[in-house]
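Below is the file input28.cif, which contains mmCIF, C-alpha atoms.
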data_coords
loop_
_atom_site.label_atom_id
_atom_site.label_comp_id
_atom_site.auth_asym_id
_atom_site.auth_seq_id
_atom_site.Cartn_x
_atom_site.Cartn_y
_atom_site.Cartn_z
CA MET A 201 -12.38 20.52 -34.80
CA PRO A 202 -11.47 24.22 -34.57
CA GLU A 203 -8.32 25.47 -36.24
CA GLN A 204 -5.27 25.07 -34.01
CA LYS A 205 -3.93 28.26 -32.43
CA GLU A 206 -1.35 29.12 -29.82
CA ILE A 207 -2.62 29.05 -26.23
CA ASP A 208 -0.78 30.98 -23.54
CA LEU A 209 0.09 28.49 -20.82
CA LYS A 210 1.32 29.09 -17.30
CA PHE A 211 2.63 26.11 -15.33
CA SER A 212 3.99 25.79 -11.83
CA ASP A 213 7.39 24.10 -11.55
CA ALA A 214 5.81 20.76 -10.66
CA GLN A 215 3.26 21.00 -13.47
CA SER A 216 5.94 21.90 -15.99
CA GLY A 217 8.16 19.02 -14.92
CA PHE A 218 5.24 16.61 -15.22
CA VAL A 219 4.02 17.90 -18.60
CA HIS A 220 7.45 17.74 -20.22
CA SER A 221 8.67 14.53 -18.56
CA THR A 222 9.92 11.81 -20.87
CA ALA A 223 9.54 9.03 -18.26
CA THR A 224 7.49 5.98 -19.15
CA ILE A 225 5.54 6.33 -15.90
CA VAL A 226 5.00 9.88 -14.70
CA ALA A 227 2.83 10.98 -11.77
CA LEU A 228 1.59 14.32 -10.49
CA ILE A 229 0.51 14.23 -6.85
CA GLY A 230 -0.87 17.06 -4.79
CA PRO A 231 -3.67 18.52 -2.66
CA GLN A 232 -7.18 19.13 -3.87
CA GLY A 233 -7.60 21.97 -6.38
CA GLU A 234 -3.95 22.51 -7.32
CA GLY A 235 -4.33 21.97 -11.08
CA LYS A 236 -3.55 18.29 -11.48
CA THR A 237 -6.15 17.63 -14.19
CA PHE A 238 -5.09 20.81 -16.01
CA ALA A 239 -1.52 19.53 -16.12
CA GLY A 240 -2.78 16.06 -17.01
CA PHE A 241 -4.46 17.35 -20.13
CA TRP A 242 -1.38 19.26 -21.25
CA GLY A 243 0.76 16.23 -20.53
CA LEU A 244 -1.47 14.44 -23.04
CA ALA A 245 -1.20 17.31 -25.53
CA MET A 246 2.59 17.56 -25.31
CA HIS A 247 2.93 13.81 -25.71
CA ALA A 248 0.73 13.90 -28.83
CA ARG A 249 3.02 16.53 -30.38
CA LYS A 250 5.85 13.95 -30.39
CA PHE A 251 3.93 12.00 -33.05
CA GLY A 252 3.96 14.87 -35.54
CA ALA A 253 1.40 14.28 -38.26
CA ARG A 254 0.71 10.73 -37.12
CA SER A 255 -2.33 10.00 -34.96
CA MET A 256 -1.73 9.16 -31.30
CA LYS A 257 -4.09 6.70 -29.63
CA GLY A 258 -4.74 6.94 -25.91
CA ALA A 259 -7.14 6.42 -23.03
CA ILE A 260 -8.30 8.32 -19.95
CA ILE A 261 -9.49 6.07 -17.13
CA ARG A 262 -11.22 6.71 -13.80
CA ASP A 263 -13.06 4.45 -11.41
CA THR A 264 -16.44 5.23 -13.00
CA PHE A 265 -17.56 6.86 -16.23
CA GLU A 266 -19.87 9.08 -14.19
CA ASN A 267 -16.83 10.64 -12.53
CA ILE A 268 -15.27 11.18 -15.94
CA LYS A 269 -18.38 12.97 -17.20
CA ASN A 270 -18.95 15.04 -14.08
CA MET A 271 -15.38 15.90 -13.11
CA THR A 272 -12.70 15.08 -15.68
CA ILE A 273 -14.39 16.25 -18.89
CA PRO A 274 -15.37 19.71 -17.54
CA SER A 275 -11.77 20.21 -16.37
CA ILE A 276 -10.41 19.18 -19.78
CA ILE A 277 -12.81 21.53 -21.60
CA LYS A 278 -11.55 24.38 -19.44
CA ALA A 279 -7.88 23.40 -19.79
CA SER A 280 -8.16 23.11 -23.59
CA HIS A 281 -9.98 26.45 -23.89
CA ASN A 282 -12.92 24.47 -25.29
CA TYR A 283 -10.84 23.05 -28.14
CA ALA A 284 -11.11 19.40 -27.06
CA GLU A 285 -13.98 17.72 -28.93
CA PHE A 286 -16.07 15.00 -27.26
CA THR A 287 -18.31 12.49 -29.05
CA SER A 288 -20.19 9.26 -28.29
CA GLY A 289 -21.65 10.74 -25.12
CA GLY A 290 -18.21 11.66 -23.79
CA LYS A 291 -16.61 8.28 -24.48
CA LYS A 292 -14.44 9.63 -27.31
CA MET A 293 -12.21 12.72 -27.40
CA LYS A 294 -10.38 14.32 -30.30
CA TRP A 295 -7.52 16.75 -29.74
CA PHE A 296 -5.85 17.53 -33.05
CA ASN A 297 -3.78 14.35 -33.75
CA ALA A 298 -4.88 12.55 -30.56
CA ASP A 299 -7.75 10.03 -30.54
CA ILE A 300 -8.68 9.28 -26.93
CA ASP A 301 -11.04 6.72 -25.37
CA LEU A 302 -12.60 7.61 -22.01
CA PHE A 303 -14.04 4.96 -19.72
CA GLY A 304 -14.48 3.85 -16.15
CA ILE A 305 -13.17 0.62 -14.64
CA ASP A 306 -15.09 -0.05 -11.46
CA ASP A 307 -14.43 -3.80 -11.27
CA LEU A 308 -11.97 -6.30 -12.69
CA ALA A 309 -14.43 -7.41 -15.37
CA SER A 310 -14.15 -3.91 -16.86
CA LEU A 311 -10.48 -4.52 -17.60
CA SER A 312 -11.56 -6.01 -20.94
CA LYS A 313 -12.08 -2.42 -22.13
CA LEU A 314 -8.34 -1.89 -21.77
CA GLN A 315 -6.93 -5.30 -22.58
CA GLY A 316 -7.85 -5.37 -26.26
CA ALA A 317 -6.76 -1.82 -27.10
CA GLU A 318 -3.58 -0.53 -28.76
CA TYR A 319 -2.35 2.66 -27.12
CA SER A 320 0.70 4.80 -26.73
CA PHE A 321 -0.77 6.91 -23.95
CA VAL A 322 -2.87 6.03 -20.87
CA TRP A 323 -3.95 8.52 -18.20
CA LEU A 324 -5.13 7.19 -14.83
CA GLU A 325 -7.09 9.97 -13.14
CA GLU A 326 -7.58 9.86 -9.34
CA PRO A 327 -6.90 6.12 -8.81
CA ALA A 328 -7.23 6.38 -5.02
CA PRO A 329 -10.70 6.55 -3.39
CA ILE A 330 -11.58 9.10 -0.73
CA ALA A 331 -12.72 6.34 1.63
CA ALA A 332 -11.57 2.74 1.70
CA LYS A 333 -14.24 0.67 -0.03
CA GLU A 334 -14.23 -2.67 -1.80
CA ASN A 335 -15.12 -1.17 -5.18
CA ALA A 336 -13.71 2.35 -5.25
CA GLY A 337 -10.76 3.91 -7.01
CA LEU A 338 -8.70 1.88 -9.45
CA ARG A 339 -7.25 -1.54 -8.68
CA GLU A 340 -3.53 -2.26 -9.05
CA GLU A 341 -4.37 -4.59 -11.93
CA VAL A 342 -5.51 -1.54 -13.90
CA PHE A 343 -2.06 0.03 -13.54
CA ASP A 344 -0.34 -3.19 -14.61
CA THR A 345 -2.59 -3.66 -17.63
CA ALA A 346 -2.36 0.01 -18.63
CA LEU A 347 1.44 -0.13 -18.53
CA SER A 348 1.42 -3.17 -20.81
CA ARG A 349 -0.88 -1.40 -23.32
CA THR A 350 1.17 1.82 -23.67
CA SER A 351 3.58 0.14 -26.08
CA ARG A 352 0.95 -1.49 -28.29
CA GLN A 353 0.48 1.28 -30.85
CA GLU A 354 2.79 0.92 -33.84
CA GLY A 355 5.75 3.24 -33.44
CA ALA A 356 4.62 3.94 -29.88
CA ILE A 357 6.22 6.46 -27.57
CA PRO A 358 4.86 5.07 -24.30
CA ARG A 359 3.55 7.28 -21.50
CA LEU A 360 1.48 6.13 -18.52
CA GLN A 361 0.57 9.21 -16.54
CA ILE A 362 -1.18 9.44 -13.17
CA THR A 363 -2.76 12.51 -11.61
CA MET A 364 -4.02 12.11 -8.07
CA ASN A 365 -4.57 13.32 -4.57
CA PRO A 366 -2.28 11.40 -2.19
CA ALA A 367 -3.71 8.08 -1.08
CA ASP A 368 -3.72 6.00 2.05
CA GLU A 369 -0.27 4.48 2.58
CA ASP A 370 -1.74 1.03 2.02
CA HIS A 371 -2.96 1.90 -1.46
CA TRP A 372 -1.01 0.42 -4.37
CA THR A 373 -0.02 3.88 -5.63
CA TYR A 374 2.16 4.40 -2.55
CA HIS A 375 4.09 1.23 -3.32
CA LYS A 376 4.27 1.72 -7.10
CA LEU A 377 5.20 5.41 -7.01
CA ILE A 378 6.95 6.01 -3.69
CA LEU A 379 8.29 2.85 -2.03
CA ASP A 380 9.22 0.72 -5.01
CA PRO A 381 8.94 2.59 -8.33
CA ILE A 382 9.93 0.85 -11.55
CA ASN A 383 13.38 1.99 -12.71
CA ASP A 384 14.94 -0.92 -14.54
CA GLY A 385 16.78 0.86 -17.32
CA ARG A 386 14.04 0.40 -19.90
CA THR A 387 11.05 1.63 -17.92
CA ASN A 388 11.47 4.54 -15.53
CA THR A 389 9.22 6.36 -13.09
CA GLU A 390 9.18 10.07 -12.30
CA VAL A 391 6.99 11.62 -9.59
CA PHE A 392 6.20 15.32 -9.16
CA ASN A 393 4.56 16.79 -6.06
CA ILE A 394 2.52 20.00 -6.21
CA PRO A 395 3.00 22.04 -3.02
CA TYR A 396 -0.08 23.35 -1.25
CA GLY A 397 -1.05 26.80 -2.54
CA SER A 398 0.53 26.43 -5.99
CA ASN A 399 -2.65 27.13 -7.93
CA TRP A 400 -2.88 30.92 -8.21
CA VAL A 401 -6.46 30.64 -9.51
CA ILE A 402 -7.79 29.30 -6.17
CA GLU A 403 -8.63 31.97 -3.61
CA ASP A 404 -8.06 31.78 0.14
CA TRP A 405 -11.75 31.39 0.98
CA GLN A 406 -11.95 28.34 -1.29
CA ARG A 407 -8.99 26.75 0.48
CA ASP A 408 -10.59 27.51 3.85
CA ILE A 409 -13.71 25.56 2.84
CA VAL A 410 -11.61 22.49 2.04
CA LYS A 411 -9.76 22.80 5.36
CA MET A 412 -13.04 23.01 7.23
CA ALA A 413 -14.49 20.02 5.37
CA TYR A 414 -11.68 17.73 6.55
CA ARG A 415 -10.81 19.28 9.92
CA ASP A 416 -12.21 16.30 11.86
CA ARG A 417 -10.44 13.73 9.66
CA PRO A 418 -6.66 14.02 10.11
CA ASP A 419 -6.03 11.35 7.49
CA LEU A 420 -8.09 13.12 4.81
CA TYR A 421 -6.71 16.51 5.88
CA ASP A 422 -3.22 15.19 5.23
CA ARG A 423 -4.23 13.94 1.79
CA TYR A 424 -6.46 16.74 0.48
CA VAL A 425 -4.96 19.81 2.19
CA ARG A 426 -1.34 19.01 2.98
CA GLY A 427 -0.92 16.79 -0.07
CA ARG A 428 0.70 13.88 1.76
CA PHE A 429 0.14 10.15 1.74
CA SER A 430 -1.54 9.26 5.02
CA PHE A 431 -2.46 6.39 7.27
CA VAL A 432 -6.14 5.52 7.60
CA GLN A 433 -7.18 3.53 10.65
CA LEU A 434 -10.37 1.68 9.81
CA GLY A 435 -11.23 0.36 13.28
CA GLU A 436 -9.86 -0.09 16.77
CA ALA A 437 -6.20 -1.12 16.81
CA VAL A 438 -5.40 -4.63 18.04
CA THR A 439 -2.13 -3.37 19.53
CA PRO A 440 -2.74 0.12 20.99
CA GLU A 441 0.23 -0.51 23.29
CA TYR A 442 2.60 -0.13 20.33
CA ASN A 443 4.30 3.26 20.53
CA GLU A 444 6.48 4.23 17.59
CA LYS A 445 8.57 6.56 19.74
CA ILE A 446 9.77 3.78 22.02
CA HIS A 447 9.19 0.57 20.07
CA ARG A 448 10.64 1.56 16.69
CA ALA A 449 14.41 1.85 16.38
CA GLY A 450 15.96 4.93 14.85
CA GLU A 451 18.15 2.83 12.59
CA VAL A 452 18.16 -0.44 10.67
CA LEU A 453 18.88 -3.29 13.08
CA ILE A 454 21.60 -5.68 11.93
CA PRO A 455 21.22 -9.44 12.57
CA ASP A 456 23.65 -10.88 15.11
CA PRO A 457 25.00 -14.18 13.75
CA ALA A 458 25.60 -15.44 17.31
CA LEU A 459 21.90 -15.28 18.19
CA GLU A 460 19.17 -17.80 17.44
CA THR A 461 16.85 -16.35 14.82
CA PHE A 462 13.12 -17.00 14.84
CA ARG A 463 10.94 -17.09 11.75
CA PHE A 464 7.27 -16.56 12.56
CA TRP A 465 4.84 -17.70 9.87
CA ASP A 466 1.29 -17.13 8.71
CA GLY A 467 -0.30 -18.63 5.59
CA GLY A 468 -3.21 -17.75 3.31
CA LEU A 469 -3.13 -15.57 0.18
CA ASN A 470 -0.76 -13.16 1.94
CA PRO A 471 1.77 -15.60 3.39
CA THR A 472 4.08 -13.86 5.83
CA CYS A 473 7.45 -14.54 7.43
CA VAL A 474 8.70 -12.35 10.30
CA PHE A 475 12.36 -12.50 11.39
CA MET A 476 13.13 -11.96 15.10
CA GLN A 477 16.18 -12.41 17.32
CA LEU A 478 15.98 -12.92 21.09
CA THR A 479 18.87 -11.39 23.03
CA PRO A 480 20.38 -13.05 26.13
CA ARG A 481 18.64 -10.44 28.29
CA GLY A 482 15.28 -11.30 26.71
CA ARG A 483 14.77 -8.37 24.35
CA MET A 484 12.95 -9.15 21.11
CA LEU A 485 14.54 -7.55 18.06
CA PHE A 486 12.22 -7.67 15.04
CA LEU A 487 14.40 -7.33 11.97
CA ASP A 488 12.42 -8.08 8.78
CA THR A 489 8.91 -8.87 7.61
CA LEU A 490 8.22 -10.48 4.24
CA ARG A 491 4.62 -10.62 3.02
CA GLY A 492 3.45 -12.05 -0.28
CA GLU A 493 0.41 -11.10 -2.31
CA ASN A 494 -1.75 -13.80 -3.92
CA ILE A 495 1.04 -16.37 -3.80
CA GLY A 496 1.75 -19.51 -1.80
CA VAL A 497 4.25 -20.14 0.97
CA LYS A 498 6.56 -21.96 -1.45
CA GLN A 499 6.69 -18.95 -3.76
CA LEU A 500 7.32 -16.60 -0.83
CA ILE A 501 10.23 -18.76 0.32
CA ALA A 502 11.76 -19.04 -3.16
CA THR A 503 11.41 -15.38 -4.16
CA ARG A 504 11.79 -13.50 -0.87
CA VAL A 505 12.85 -15.61 2.11
CA ILE A 506 15.83 -17.50 0.67
CA PRO A 507 17.35 -14.43 -1.04
CA LEU A 508 17.11 -12.52 2.26
CA ILE A 509 18.67 -15.40 4.21
CA ASN A 510 21.52 -15.57 1.69
CA SER A 511 22.23 -11.86 2.14
CA ARG A 512 21.32 -10.36 5.53
CA TYR A 513 21.32 -13.65 7.44
CA LYS A 514 24.09 -15.54 5.64
CA ASP A 515 26.13 -16.00 8.85
CA VAL A 516 23.22 -17.06 11.10
CA LYS A 517 23.45 -20.73 12.11
CA GLN A 518 20.55 -21.23 14.54
CA TRP A 519 16.97 -21.07 13.30
CA ARG A 520 13.59 -21.77 14.83
CA ASP A 521 10.32 -21.74 12.84
CA ILE A 522 6.93 -21.20 14.55
CA GLY A 523 3.62 -20.41 12.90
CA ASP A 524 -0.12 -20.70 12.61
CA PRO A 525 -1.09 -24.26 13.68
CA SER A 526 -3.40 -24.54 10.66
CA MET A 527 -0.32 -24.49 8.42
CA ALA A 528 0.28 -28.08 9.52
CA ASN A 529 -3.12 -29.18 8.17
CA ARG A 530 -3.23 -31.13 4.92
CA GLU A 531 -4.47 -29.15 1.93
CA GLN A 532 -7.67 -30.40 0.34
CA SER A 533 -6.19 -30.02 -3.14
CA ASP A 534 -3.02 -31.93 -2.21
CA SER A 535 -3.30 -34.20 0.83
CA SER A 536 0.40 -35.09 0.57
CA GLN A 537 1.61 -31.60 1.41
CA ASN A 538 0.91 -28.67 3.72
CA ALA A 539 2.54 -25.30 4.34
CA ALA A 540 4.56 -26.65 7.28
CA ASP A 541 5.98 -29.40 5.08
CA VAL A 542 6.97 -26.80 2.50
CA ILE A 543 8.84 -24.77 5.14
CA ASN A 544 10.60 -27.87 6.43
CA THR A 545 11.57 -29.07 2.95
CA GLU A 546 12.63 -25.76 1.42
CA LEU A 547 14.49 -24.42 4.48
CA GLY A 548 15.60 -27.59 6.23
CA ALA A 549 13.50 -26.47 9.19
CA ALA A 550 11.48 -28.13 11.95
CA PHE A 551 8.19 -26.24 11.94
CA GLU A 552 6.51 -25.80 15.35
CA GLN A 553 2.83 -25.11 15.76
CA GLY A 554 2.31 -21.80 17.52
CA GLU A 555 -0.30 -20.84 20.11
CA LYS A 556 -3.83 -21.24 18.76
CA SER A 557 -5.96 -19.43 21.37
CA TRP A 558 -6.66 -15.82 20.39
CA ASN A 559 -7.02 -14.78 24.06
CA ASN A 560 -3.58 -16.17 24.87
CA ARG A 561 -2.03 -14.54 21.81
CA ARG A 562 -3.60 -11.18 22.66
CA GLU A 563 -2.23 -11.32 26.22
CA ALA A 564 1.20 -12.24 24.91
CA LEU A 565 1.17 -9.16 22.66
CA LYS A 566 0.19 -6.92 25.57
CA GLU A 567 2.98 -8.36 27.68
CA MET A 568 5.53 -7.95 24.91
CA PHE A 569 4.73 -4.27 24.36
CA ASN A 570 4.32 -3.37 28.03
CA ARG A 571 7.35 -5.11 29.48
CA ASN A 572 10.68 -3.35 29.97
CA ILE A 573 14.01 -5.10 30.41
CA ASP A 574 16.71 -3.15 32.27
CA GLY A 575 14.87 0.07 31.43
CA GLU A 576 14.50 -0.71 27.72
CA PRO A 577 11.41 -1.97 25.89
CA MET A 578 11.25 -5.71 25.36
CA PHE A 579 10.01 -5.15 21.78
CA LEU A 580 12.14 -3.23 19.28
CA LEU A 581 11.38 -2.95 15.55
CA SER A 582 13.97 -2.18 12.89
CA ARG A 583 13.39 1.22 11.28
CA HIS A 584 13.14 -0.20 7.75
CA ASP A 585 10.39 -2.73 8.56
CA THR A 586 7.35 -0.76 7.42
CA VAL A 587 5.09 -3.82 7.05
CA LEU A 588 5.08 -4.69 10.75
CA HIS A 589 5.05 -1.02 11.73
CA ARG A 590 1.85 -0.38 9.78
CA ALA A 591 0.21 -3.48 11.19
CA PHE A 592 0.96 -2.63 14.83
CA ARG A 593 0.18 1.08 14.61
CA GLY A 594 -3.45 0.33 13.72
CA GLY A 595 -3.58 -1.38 10.34
CA TRP A 596 -4.26 -4.62 12.22
CA HIS A 597 -7.65 -3.78 13.66
CA TYR A 598 -10.94 -5.06 15.01
CA GLY A 599 -13.97 -4.71 12.81
CA ARG A 600 -17.39 -3.32 13.68
CA ASP A 601 -20.80 -4.85 13.27
CA ASN A 602 -23.67 -3.11 11.50
CA SER A 603 -24.54 -1.16 14.64
CA GLY A 604 -21.00 0.12 15.05
CA VAL A 605 -20.04 -2.15 17.95
CA ILE A 606 -16.38 -3.23 17.91
CA MET A 607 -16.01 -7.02 17.63
CA LYS A 608 -13.00 -8.08 19.70
CA ASP A 609 -13.41 -11.82 19.39
CA LYS A 610 -11.06 -11.77 16.38
CA PRO A 611 -9.31 -9.04 14.33
CA ARG A 612 -10.44 -8.25 10.81
CA LYS A 613 -8.74 -10.41 8.19
CA ASP A 614 -6.78 -8.32 5.68
CA LEU A 615 -3.20 -7.77 4.58
CA HIS A 616 -2.24 -6.38 8.02
CA SER A 617 -3.61 -9.36 9.94
CA HIS A 618 -1.04 -11.79 8.51
CA PRO A 619 2.06 -10.13 10.03
CA GLY A 620 0.18 -9.65 13.31
CA ASP A 621 -1.00 -13.25 13.40
CA ALA A 622 2.48 -14.54 12.56
CA VAL A 623 4.02 -12.64 15.47
CA SER A 624 1.28 -13.53 17.95
CA HIS A 625 1.44 -17.26 17.17
CA GLY A 626 5.16 -17.21 17.80
CA ILE A 627 5.63 -15.03 20.86
CA ALA A 628 2.75 -16.63 22.76
CA LYS A 629 4.56 -19.93 22.40
CA ILE A 630 8.08 -18.83 23.30
CA ILE A 631 7.58 -16.42 26.20
CA MET A 632 4.46 -17.59 28.03
CA ARG A 633 2.55 -20.67 29.04
CA PRO A 634 -1.27 -20.64 29.08
CA LYS A 635 -1.43 -20.63 32.89
CA ILE A 636 0.77 -17.54 33.03
CA LEU A 637 -1.36 -15.85 30.40
CA ASP A 638 -4.51 -16.61 32.40
CA ARG A 639 -2.89 -15.08 35.46
CA LEU A 640 -1.90 -11.95 33.52
CA ARG A 641 -5.42 -11.63 32.19
CA ARG A 642 -6.92 -11.80 35.68
CA ILE A 643 -4.43 -9.25 37.01
CA ARG A 644 -5.24 -6.85 34.17
CA GLU A 645 -8.94 -7.15 34.93
CA VAL A 646 -8.35 -6.36 38.61
CA THR A 647 -5.99 -3.44 37.86
CA LYS A 648 -8.19 -2.18 34.99
CA GLY A 649 -5.42 -2.51 32.45
CA ARG A 650 -2.61 -0.88 34.45
CA VAL A 651 0.81 -2.33 33.65
CA VAL A 652 2.01 -4.80 36.28
CA SER A 653 5.76 -5.42 36.16
CA ASN A 654 7.73 -8.44 37.35
CA VAL A 655 4.76 -10.81 37.02
#

If you took the structure in this file and wrote it as structure tokens, what would it be?
Amino acid sequence: MPEQKEIDLKFSDAQSGFVHSTATIVALIGPQGEGKTFAGFWGLAMHARKFGARSMKGAIIRDTFENIKNMTIPSIIKASHNYAEFTSGGKKMKWFNADIDLFGIDDLASLSKLQGAEYSFVWLEEPAPIAAKENAGLREEVFDTALSRTSRQEGAIPRLQITMNPADEDHWTYHKLILDPINDGRTNTEVFNIPYGSNWVIEDWQRDIVKMAYRDRPDLYDRYVRGRFSFVQLGEAVTPEYNEKIHRAGEVLIPDPALETFRFWDGGLNPTCVFMQLTPRGRMLFLDTLRGENIGVKQLIATRVIPLINSRYKDVKQWRDIGDPSMANREQSDSSQNAADVINTELGAAFEQGEKSWNNRREALKEMFNRNIDGEPMFLLSRHDTVLHRAFRGGWHYGRDNSGVIMKDKPRKDLHSHPGDAVSHGIAKIIMRPKILDRLRRIREVTKGRVVSNV
């Protein structure tokens, strides 16, 4: 290890804020080439200085070790003026009093590399993939485990830092860092955004190459040039009729206690409950969507549904529950109970099986989005309901086969399909009968999709 000497550093405002932050979770987000890894290294170095003569133990993690070797290590060597020392083929790094492990976690089995360690510092580098793939980027479980390990070193001063290009809005980083960051008094989160053009080392022609590379991909252009979280549409939208400008309210809609309130349900590993009120004129006001992750319907009701009912809907007296017909089927593991029974028992409800036919549900969705009532759209979504908004704007989509042909027999099953399915099961039951839906379908075929009012 060379003798320590002073290095002249120049940080942008965002880099400086990130490097010197004392937050438990600190993130630096920005476009490609704006010096995120440079700041990440000096965030590590400044944190190590807090330990004085004691040794700080830490880890640097990416999706694969190959990406660490090819991208992260060269950037660290440059940032440290070649003072960082790497051993064990790049799997160990020494920086004065800091002993750092470097490894990739490209599947959940790799988490064992992190689970048994004792660290004060963990650096997650580029946790979001460029393209949505099953095994790319870092899983949310890596973040959770890393946070739990940053307090394991004796006398630890915990720091979990993240450096990244903005992700797709459905990536866990958007939820953990932007929508719902941890700030509970003991653990706090601080996020810094590097504006485009902050890195004075990058020349204009280099920026122009990046712009040209992503010019035909608006989502990636947003992420890698503008430095913004973006929406990635993976296939053809199930509900192209949804128009944010007319179907999404400009404010948070408040439940009317005088109106009957519908709860639309879908089960599975992402159980979902959508709250809707039907006005006397027939407008559908969608107020809230609750979606669980890897939990059951009972857990969703206990942790999300009942607390919401006791707050926003405490004065509502009339309820109606409609959902996926399969929720009334007996579970193989427990033939005495099904999801419908759970809803009835926990909420004092009378669960109704919704429309099963996908063709009928699809036509009901088209009718809901296309119909106007007294010059106003039949469907209106509360501004704060981002779950249903993301599903209807294209997150809920049809998949493609290996030859690229769109398969419209059923939408792709993912986290967006549950809110969409919940709504479609419900509205197809309450606003249309199958014969009417068949008639609408035939009319649309004759008119080639043109909207036909007053059907």

Matched chain/residue IDs from the PyMOL selection byres ((chain A and resi 388) around 12), as a count of residues only: 25

Quick one: which stretch 540-644 of chain A residues come within 7 Å of stretch 427-451 of chain A, and what is the nearest atom pair for each with the distance in Å to one decimal, counting all atoms listed in the file, rows ordered by chain and ascending number, as a Markdown table?
| residue | atom | partner | partner_atom | distance |
| --- | --- | --- | --- | --- |
| A:Lys566 | CA | A:Glu441 | CA | 6.8 |
| A:Phe569 | CA | A:Glu441 | CA | 6.0 |
| A:Asn570 | CA | A:Glu441 | CA | 6.9 |
| A:Pro577 | CA | A:His447 | CA | 6.7 |
| A:Phe579 | CA | A:His447 | CA | 6.0 |
| A:Leu580 | CA | A:His447 | CA | 4.9 |
| A:Leu581 | CA | A:Arg448 | CA | 4.7 |
| A:Ser582 | CA | A:Ala449 | CA | 5.3 |
| A:Arg583 | CA | A:Glu451 | CA | 5.2 |
| A:Phe592 | CA | A:Thr439 | CA | 5.7 |
| A:Arg593 | CA | A:Tyr442 | CA | 6.3 |
| A:Gly594 | CA | A:Ala437 | CA | 4.4 |
| A:Gly595 | CA | A:Gln433 | CA | 6.1 |
| A:Trp596 | CA | A:Val438 | CA | 5.9 |
| A:His597 | CA | A:Ala437 | CA | 4.4 |
| A:Tyr598 | CA | A:Glu436 | CA | 5.4 |
| A:Gly599 | CA | A:Gly435 | CA | 5.8 |
| A:Pro611 | CA | A:Val438 | CA | 7.0 |

Neighbour list for A:Met246 as a ChimeraX atom specification, cut-off 12 Å, all atoms listed in the file, skip fewer than 6 positions in-chain: /A:216-222,239-240,252,256,295-298,321,357,359

Care to translate the PyMOL selection byres ((chain A and resi 421) around 12) into actual residues of this file, as a PyMOL selection string? chain A and resi 231-232+330+365-368+396+407-420+422-432

Which residue gives the smallest distance to A:Gln315 among A:His589, A:Thr350, A:Arg504, A:Arg520, with all atoms listed in the file counted?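 Smallest separation from A:Gln315 among the options: A:Thr350.
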
Kindly output stretch 300-312 of chain A as a PDB file, in the coordinates of the input, after building N, CA and C atoms.
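Saved the output as out.pdb:
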ATOM      1  N   ILE A 300      -8.688   9.734 -28.326  1.00  0.00           N
ATOM      2  CA  ILE A 300      -8.680   9.280 -26.930  1.00  0.00           C
ATOM      3  C   ILE A 300      -9.991   8.580 -26.579  1.00  0.00           C
ATOM      4  N   ASP A 301      -9.885   7.405 -25.959  1.00  0.00           N
ATOM      5  CA  ASP A 301     -11.040   6.720 -25.370  1.00  0.00           C
ATOM      6  C   ASP A 301     -11.147   7.116 -23.897  1.00  0.00           C
ATOM      7  N   LEU A 302     -12.369   7.304 -23.420  1.00  0.00           N
ATOM      8  CA  LEU A 302     -12.600   7.610 -22.010  1.00  0.00           C
ATOM      9  C   LEU A 302     -13.545   6.567 -21.435  1.00  0.00           C
ATOM     10  N   PHE A 303     -13.151   5.947 -20.330  1.00  0.00           N
ATOM     11  CA  PHE A 303     -14.040   4.960 -19.720  1.00  0.00           C
ATOM     12  C   PHE A 303     -13.696   4.750 -18.247  1.00  0.00           C
ATOM     13  N   GLY A 304     -14.665   4.175 -17.554  1.00  0.00           N
ATOM     14  CA  GLY A 304     -14.480   3.850 -16.150  1.00  0.00           C
ATOM     15  C   GLY A 304     -14.215   2.365 -15.975  1.00  0.00           C
ATOM     16  N   ILE A 305     -13.424   2.028 -14.979  1.00  0.00           N
ATOM     17  CA  ILE A 305     -13.170   0.620 -14.640  1.00  0.00           C
ATOM     18  C   ILE A 305     -13.465   0.462 -13.160  1.00  0.00           C
ATOM     19  N   ASP A 306     -14.700   0.059 -12.856  1.00  0.00           N
ATOM     20  CA  ASP A 306     -15.090  -0.050 -11.460  1.00  0.00           C
ATOM     21  C   ASP A 306     -15.073  -1.481 -10.941  1.00  0.00           C
ATOM     22  N   ASP A 307     -14.655  -2.432 -11.743  1.00  0.00           N
ATOM     23  CA  ASP A 307     -14.430  -3.800 -11.270  1.00  0.00           C
ATOM     24  C   ASP A 307     -13.477  -4.471 -12.249  1.00  0.00           C
ATOM     25  N   LEU A 308     -12.966  -5.638 -11.861  1.00  0.00           N
ATOM     26  CA  LEU A 308     -11.970  -6.300 -12.690  1.00  0.00           C
ATOM     27  C   LEU A 308     -12.516  -6.742 -14.036  1.00  0.00           C
ATOM     28  N   ALA A 309     -13.831  -7.008 -14.101  1.00  0.00           N
ATOM     29  CA  ALA A 309     -14.430  -7.410 -15.370  1.00  0.00           C
ATOM     30  C   ALA A 309     -14.295  -6.298 -16.412  1.00  0.00           C
ATOM     31  N   SER A 310     -14.257  -5.042 -15.945  1.00  0.00           N
ATOM     32  CA  SER A 310     -14.150  -3.910 -16.860  1.00  0.00           C
ATOM     33  C   SER A 310     -12.792  -3.803 -17.517  1.00  0.00           C
ATOM     34  N   LEU A 311     -11.814  -4.573 -17.023  1.00  0.00           N
ATOM     35  CA  LEU A 311     -10.480  -4.520 -17.600  1.00  0.00           C
ATOM     36  C   LEU A 311     -10.474  -4.896 -19.086  1.00  0.00           C
ATOM     37  N   SER A 312     -11.497  -5.613 -19.531  1.00  0.00           N
ATOM     38  CA  SER A 312     -11.560  -6.010 -20.940  1.00  0.00           C
ATOM     39  C   SER A 312     -11.592  -4.789 -21.855  1.00  0.00           C
TER      40      SER A 312
END
